[in-house]
Amino acid sequence: MSITINIYYIGENGNARNFAEEMIKSGTVDKIRSEQGNLRYEYFQPFDEPETVLLIDQWSSQDAIDVHHASPMMRTITELREKYGLKMKVERYISDEDGIPDKDKQFIVK
C-alpha cells in the first residue's frame with residue numbers, strides 16, 4: 001500500500017510557481033525526497049490553471065507521513081506557503097493492493 005496526496009497550491013501573480021521554485025532551489029524538495037518512506041515528490045502546472053501548481057506527494061505509509069509532518073521541513077513549507085499567500089486543495093488516494101486489473105491494462109501503452 002502507498003498513499004498519494006495531490007496538493008493544489010493556488011496563488012496569484014505567479015506565486016504558486018514561485019513557491020515551488022523556492023522549494024526546489026532551497027534544497028527542501030531534495031530533503032523531503034530523501035526522507036524514509038517518500039516515494040515521490042513532484043510539482044506540475046495544469047495547462048488550464050496558470051495560477052495553480054500541483055504537488056504529487058507519495059509515501060509508503062501513514063507512519064512515514066506522520067514522521068514527515070513532525071519534521072523541521074514542515075515549518076519551512078508552512079512559512080513558504082504563508083510567504084506566497086497560497087491556498088490549498090488536497091486529495092488523498094490509497095493504492096489498490098491488487099494493482100491494475102487485467103481488463104484495464106489493455107488501455108495502457110508502455
# chains A, B, ... in the order shown; residues from 1 in each chain; ligands from 1
>>> residues_around(residues="Glu22 in chain A", least_positions_apart="2", cutoff="12 Å", atoms="only C-alpha atoms", output="PyMOL selection string")
chain A and resi 15-20+24-30+43+76-77+79-81+83-84
>>> select_by_dssp(residues="range 3-104 of chain A", states="strand (DSSP E)", output="MDAnalysis selection string")
chainID A and resid 3:10 38:44 52:59 87:94
>>> write_last_selection(atoms="C-alpha atoms", output="PDB file, in the first residue's frame")
ATOM      1  CA  ILE A   3      -0.614   6.870  -0.035  1.00  0.00           C
ATOM      2  CA  THR A   4      -0.630   9.591  -2.675  1.00  0.00           C
ATOM      3  CA  ILE A   5      -1.579  13.128  -1.788  1.00  0.00           C
ATOM      4  CA  ASN A   6      -2.315  15.651  -4.513  1.00  0.00           C
ATOM      5  CA  ILE A   7      -1.920  19.175  -3.208  1.00  0.00           C
ATOM      6  CA  TYR A   8      -3.068  22.004  -5.451  1.00  0.00           C
ATOM      7  CA  TYR A   9      -1.304  25.208  -4.418  1.00  0.00           C
ATOM      8  CA  ILE A  10      -3.351  28.173  -5.628  1.00  0.00           C
ATOM      9  CA  ASN A  38       8.936   9.122   0.471  1.00  0.00           C
ATOM     10  CA  LEU A  39       8.226   7.584  -2.916  1.00  0.00           C
ATOM     11  CA  ARG A  40       7.500  10.694  -4.990  1.00  0.00           C
ATOM     12  CA  TYR A  41       7.560  14.456  -4.596  1.00  0.00           C
ATOM     13  CA  GLU A  42       6.987  16.294  -7.881  1.00  0.00           C
ATOM     14  CA  TYR A  43       5.448  19.591  -8.973  1.00  0.00           C
ATOM     15  CA  PHE A  44       3.323  20.096 -12.090  1.00  0.00           C
ATOM     16  CA  THR A  52      -2.070  26.634  -9.683  1.00  0.00           C
ATOM     17  CA  VAL A  53       0.779  24.212  -9.066  1.00  0.00           C
ATOM     18  CA  LEU A  54       0.057  20.548  -8.349  1.00  0.00           C
ATOM     19  CA  LEU A  55       2.275  18.619  -5.968  1.00  0.00           C
ATOM     20  CA  ILE A  56       2.104  14.832  -6.216  1.00  0.00           C
ATOM     21  CA  ASP A  57       3.384  13.601  -2.871  1.00  0.00           C
ATOM     22  CA  GLN A  58       3.563   9.818  -2.371  1.00  0.00           C
ATOM     23  CA  TRP A  59       4.501   7.912   0.782  1.00  0.00           C
ATOM     24  CA  LYS A  87      -4.430  28.414  -0.627  1.00  0.00           C
ATOM     25  CA  MET A  88      -4.621  24.650  -0.940  1.00  0.00           C
ATOM     26  CA  LYS A  89      -6.942  21.956  -2.230  1.00  0.00           C
ATOM     27  CA  VAL A  90      -5.983  18.435  -1.134  1.00  0.00           C
ATOM     28  CA  GLU A  91      -6.912  14.992  -2.485  1.00  0.00           C
ATOM     29  CA  ARG A  92      -5.753  11.749  -0.884  1.00  0.00           C
ATOM     30  CA  TYR A  93      -5.558   8.328  -2.528  1.00  0.00           C
ATOM     31  CA  ILE A  94      -4.626   4.912  -1.168  1.00  0.00           C
TER      32      ILE A  94
END
>>> residues_around(residues="Gln36 in chain A", least_positions_apart="3", cutoff="9 Å", atoms="only C-alpha atoms", output="list in words")
Ile32, Arg33, Leu39, Trp59, Ser60, Ala64, Val67 and His68 of chain A
>>> closest_residue(among="A:Glu82, A:Asp104, A:Asp66, A:Glu21", to="Gln45 in chain A", atoms="only C-alpha atoms")
A:Glu21
>>> atom_distance(atom1="CA of Met74 in chain A", atom2="CA of Lys31 in chain A")
11.3 Å
>>> atom_distance(atom1="CA of Phe47 in chain A", atom2="CA of Gly14 in chain A")
13.7 Å
>>> closest_residue(among="A:Gly37, A:Glu51, A:Phe107, A:Met23", to="Leu86 in chain A", atoms="only C-alpha atoms")
A:Glu51
